[in-house]
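Raw contents of my_file_6.txt, compact mmCIF, C-alpha atoms:
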```txt
# COMPACT_ATOMS: atom_id res chain seq x y z
CA MET A 1 -1.37 -0.50 10.09
CA LYS A 2 -4.91 -0.57 11.40
CA ALA A 3 -6.97 1.79 9.25
CA VAL A 4 -10.61 2.90 8.97
CA SER A 5 -12.51 4.57 6.19
CA TYR A 6 -14.86 7.53 6.31
CA ILE A 7 -17.38 7.98 3.51
CA ARG A 8 -20.14 10.55 3.03
CA VAL A 9 -22.64 11.90 0.54
CA SER A 10 -24.65 15.10 0.98
CA THR A 11 -28.19 14.16 0.03
CA GLU A 12 -30.66 11.35 0.72
CA GLU A 13 -31.09 10.94 -3.05
CA GLN A 14 -27.34 10.30 -3.46
CA ALA A 15 -27.45 7.88 -0.54
CA ASN A 16 -30.45 5.94 -1.84
CA GLU A 17 -30.08 6.11 -5.63
CA GLY A 18 -26.51 7.19 -6.30
CA HIS A 19 -23.32 5.25 -6.69
CA SER A 20 -20.90 7.51 -4.81
CA LEU A 21 -20.92 5.55 -1.56
CA ASP A 22 -20.01 2.31 -3.35
CA ALA A 23 -17.41 4.11 -5.46
CA GLN A 24 -15.77 5.68 -2.39
CA ARG A 25 -15.82 2.34 -0.59
CA THR A 26 -14.17 0.55 -3.54
CA VAL A 27 -11.45 3.16 -4.07
CA ILE A 28 -10.58 3.24 -0.36
CA ALA A 29 -10.47 -0.57 -0.10
CA GLU A 30 -8.19 -0.87 -3.15
CA PHE A 31 -5.94 1.93 -1.89
CA GLY A 32 -5.63 0.33 1.55
CA ARG A 33 -4.87 -3.09 0.06
CA SER A 34 -2.17 -1.59 -2.18
CA ARG A 35 -0.44 -0.17 0.91
CA GLY A 36 -0.83 -3.36 2.94
CA TRP A 37 -3.16 -1.70 5.45
CA THR A 38 -5.96 -3.54 7.18
CA LEU A 39 -9.30 -1.75 6.88
CA ASP A 40 -10.84 -2.41 10.25
CA SER A 41 -14.14 -0.56 9.93
CA GLU A 42 -16.13 2.02 8.03
CA TYR A 43 -17.70 5.24 9.26
CA LEU A 44 -20.62 6.28 7.04
CA ASP A 45 -22.63 9.51 7.02
CA ALA A 46 -25.19 9.19 4.23
CA GLY A 47 -27.25 12.22 3.28
CA LEU A 48 -25.46 14.70 5.55
CA SER A 49 -23.71 17.93 4.59
CA GLY A 50 -19.95 18.15 4.88
CA LYS A 51 -20.18 21.60 6.44
CA ASP A 52 -21.99 20.26 9.50
CA GLY A 53 -19.75 18.84 12.21
CA ASP A 54 -22.57 17.09 14.09
CA ARG A 55 -22.54 14.07 11.80
CA PRO A 56 -22.99 10.89 13.90
CA ALA A 57 -20.35 8.74 12.17
CA LEU A 58 -17.81 11.58 12.18
CA GLN A 59 -18.30 12.08 15.90
CA ARG A 60 -17.95 8.32 16.53
CA LEU A 61 -14.78 8.29 14.41
CA LEU A 62 -13.24 11.12 16.46
CA GLU A 63 -14.21 9.42 19.74
CA ASP A 64 -12.81 6.07 18.59
CA ALA A 65 -9.59 7.80 17.46
CA LYS A 66 -9.18 9.27 20.94
CA ALA A 67 -9.75 5.79 22.41
CA GLY A 68 -6.92 4.43 20.24
CA ARG A 69 -9.05 2.00 18.21
CA PHE A 70 -7.15 2.63 14.94
CA GLU A 71 -4.02 4.33 13.57
CA LEU A 72 -5.18 5.84 10.27
CA VAL A 73 -8.25 7.40 8.64
CA ILE A 74 -8.62 7.05 4.86
CA VAL A 75 -11.02 9.21 2.86
CA HIS A 76 -11.62 9.40 -0.88
CA ALA A 77 -11.27 13.22 -0.89
CA ILE A 78 -11.02 15.97 1.70
CA ASP A 79 -14.46 17.36 0.83
CA ARG A 80 -15.99 13.98 1.79
CA PHE A 81 -14.56 14.51 5.29
CA TYR A 82 -15.28 18.24 5.74
CA ARG A 83 -16.35 21.29 3.71
CA ASN A 84 -15.64 23.79 6.44
CA LEU A 85 -12.05 24.88 7.01
CA GLN A 86 -12.32 25.46 10.76
CA GLY A 87 -14.12 22.15 11.26
CA LEU A 88 -11.61 20.33 9.06
CA LEU A 89 -8.62 21.75 10.88
CA SER A 90 -10.20 21.04 14.26
CA ALA A 91 -11.00 17.42 13.34
CA LEU A 92 -7.49 16.87 11.95
CA ASP A 93 -6.00 18.37 15.11
CA ARG A 94 -8.06 15.95 17.21
CA LEU A 95 -6.81 13.05 15.07
CA ASN A 96 -3.24 14.30 15.38
CA GLN A 97 -3.52 14.58 19.18
CA ALA A 98 -4.77 10.99 19.24
CA GLY A 99 -1.78 9.88 17.17
CA VAL A 100 -3.99 9.00 14.21
CA GLY A 101 -2.84 9.68 10.64
CA PHE A 102 -5.05 10.99 7.85
CA VAL A 103 -4.87 10.11 4.16
CA SER A 104 -6.94 11.60 1.37
CA ILE A 105 -6.60 9.50 -1.78
CA THR A 106 -7.64 12.12 -4.33
CA GLU A 107 -5.19 14.72 -3.08
CA ASN A 108 -2.48 12.06 -2.49
CA LEU A 109 -0.91 13.95 0.40
CA ASP A 110 0.67 13.11 3.70
CA PHE A 111 -0.86 15.66 6.04
CA THR A 112 1.74 15.15 8.73
CA THR A 113 4.51 16.99 6.83
CA PRO A 114 4.85 20.81 6.72
CA TRP A 115 4.06 20.89 2.96
CA GLY A 116 1.15 18.53 3.48
CA LYS A 117 -0.23 20.83 6.17
CA LEU A 118 0.05 23.85 3.86
CA THR A 119 -1.68 22.02 1.03
CA LEU A 120 -4.39 20.83 3.40
CA ALA A 121 -5.13 24.40 4.48
CA VAL A 122 -5.39 25.53 0.84
CA LEU A 123 -7.64 22.62 -0.14
CA GLY A 124 -9.83 23.11 2.92
CA THR A 125 -10.20 26.80 2.07
CA LEU A 126 -11.14 25.96 -1.53
CA ALA A 127 -13.80 23.50 -0.34
CA GLU A 128 -15.26 26.17 1.95
CA ILE A 129 -15.21 28.78 -0.85
CA TYR A 130 -17.06 26.35 -3.12
CA LEU A 131 -19.75 25.85 -0.48
CA ASP A 132 -20.11 29.62 0.08
CA LYS A 133 -20.36 30.22 -3.67
CA LEU A 134 -22.92 27.44 -4.09
CA SER A 135 -25.02 28.94 -1.28
CA ALA A 136 -24.85 32.44 -2.81
CA GLU A 137 -25.78 31.15 -6.28
CA THR A 138 -28.69 29.14 -4.89
CA SER A 139 -30.00 32.18 -3.01
CA LYS A 140 -29.62 34.34 -6.11
CA GLY A 141 -31.57 31.81 -8.18
CA LYS A 142 -34.36 31.57 -5.62
CA LEU A 143 -34.65 35.37 -5.46
CA ALA A 144 -34.84 35.59 -9.27
CA ARG A 145 -37.59 32.93 -9.33
CA ALA A 146 -39.55 34.77 -6.62
CA GLN A 147 -39.24 38.07 -8.49
CA LYS A 148 -40.75 36.39 -11.56
CA GLY A 149 -43.64 35.10 -9.45
CA LEU A 150 -42.45 31.50 -9.62
CA TYR A 151 -42.49 29.13 -6.69
CA ASN A 152 -39.39 27.87 -4.86
CA GLY A 153 -39.79 24.24 -3.96
CA THR A 154 -42.86 22.06 -4.31
CA ILE A 155 -46.23 23.60 -5.06
CA PRO A 156 -48.60 23.40 -2.06
CA PHE A 157 -51.29 20.71 -2.22
CA GLY A 158 -54.38 21.92 -4.06
CA TYR A 159 -52.68 24.47 -6.32
CA CYS A 160 -52.62 23.93 -10.06
CA GLN A 161 -49.43 24.26 -12.14
CA GLY A 162 -51.43 24.84 -15.30
CA ASN A 163 -50.45 21.51 -16.81
CA CYS A 164 -53.89 19.90 -16.72
CA SER A 165 -56.61 19.99 -19.37
CA THR A 166 -58.96 22.19 -17.29
CA CYS A 167 -56.59 25.19 -17.00
```

Taking this structure as input, can you express it in the form of structure tokens?
Amino acid sequence: MKAVSYIRVSTEEQANEGHSLDAQRTVIAEFGRSRGWTLDSEYLDAGLSGKDGDRPALQRLLEDAKAGRFELVIVHAIDRFYRNLQGLLSALDRLNQAGVGFVSITENLDFTTPWGKLTLAVLGTLAEIYLDKLSAETSKGKLARAQKGLYNGTIPFGYCQGNCSTC
């Protein structure tokens, strides 16, 4: 079976200094080899959020699936592919219409069966809930910092943090 991998990390820091991309790549390659699948190519979105559907490699993957360039997409985990339920379901529907299978190693599910589809919907919803909760907690933290008179982000050039000997 002709397979491709999709890997992603959310931040530039993870892309440049982290180990997640290499770890995902290794796990996917070993998984594919154990099944006797040929990994034909890799689609990589480094430093891009999983909630955004306009990721270049994801869009190329979907276009190549429609063109019949491969039979299977392998990801390390669903949240590496998408963190938005509607986007996830839409992308999986596009793959299904192209006759392309989808395997997520972490969840170890076949998303072409009725039970696999149910589990996929639940996992996609949980990924979206996590993202919503993370956004709410981040906003709450920023508001609390602002109410205490603290900055959010980097201090503008020329302002003193009070850490020097002249303050």

Using only C-alpha atoms, find each residue in range 2-78 of chain A having at least one atom no more than 12 Å away from range 128-139 of chain A; report its shortest atom-to-atom pair and that distance in Å (one decimal), rows by chain then rising number, as a tab-separated table.
```
residue	atom	partner	partner_atom	distance
A:Ser10	CA	A:Leu131	CA	11.9
A:Ser49	CA	A:Leu131	CA	10.2
A:Gly50	CA	A:Leu131	CA	9.4
A:Lys51	CA	A:Glu128	CA	8.1
A:Asp52	CA	A:Leu131	CA	11.7
A:Ile78	CA	A:Glu128	CA	11.0
```

Show me the residues close to (-9.9, 12.4, -1.8) - anything with an atom within 10 Å, counting all atoms listed in the file - and format the list as a list in words.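 Every polymer residue passing the test: Gln24, Val27, Ile28, Ile74, Val75, His76, Ala77, Ile78, Asp79, Arg80, Phe81, Val103, Ser104, Ile105, Thr106, Glu107, Asn108 and Leu109 of chain A.
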
What's the separation between CA of Thr38 in chain A and CA of Asn16 in chain A, in Å to one decimal place?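 Separation between CA of Thr38 in chain A and CA of Asn16 in chain A: 27.8 Å.
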
Rounded to one decimal, what separation in Å do you get between CA of Asp40 in chain A and CA of Tyr6 in chain A? 11.4 Å

One number please: CA of Gly32 in chain A to CA of Leu120 in chain A, in Å, one decimal. 20.6 Å

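Residues near the point (-19.9, 6.1, -0.2), at a distance of 8 Å or less over all atoms listed in the file, make up Ile7, Arg8, Val9, Ala15, His19, Ser20, Leu21, Asp22, Ala23, Gln24, Arg25, Leu44 and Ala46 of chain A.
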
Ala57 in chain A: which residues within 7 Å, counting all atoms listed in the file, same-chain residues fewer than 3 positions away excluded, as a PDB file with C-alpha atoms, in the coordinates of the input?
```pdb
ATOM      1  CA  TYR A  43     -17.700   5.240   9.260  1.00  0.00           C
ATOM      2  CA  LEU A  44     -20.620   6.280   7.040  1.00  0.00           C
ATOM      3  CA  ASP A  45     -22.630   9.510   7.020  1.00  0.00           C
ATOM      4  CA  ARG A  60     -17.950   8.320  16.530  1.00  0.00           C
ATOM      5  CA  LEU A  61     -14.780   8.290  14.410  1.00  0.00           C
TER       6      LEU A  61
END
```

Near-range 97-99 of chain A list (9 Å; only C-alpha atoms; drop same-chain fewer than 5 positions) as JSON, numbers by chain: {"A": [62, 65, 66, 67, 68, 71, 72, 92]}

For each of A:Arg55, A:Arg33, A:Arg83, A:Lys2, take the minimum atom-to-atom distance to Ala121 in chain A, counting only C-alpha atoms, then give the residue where this is smallest.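 Result for the nearest residue to Ala121 in chain A: A:Arg83.
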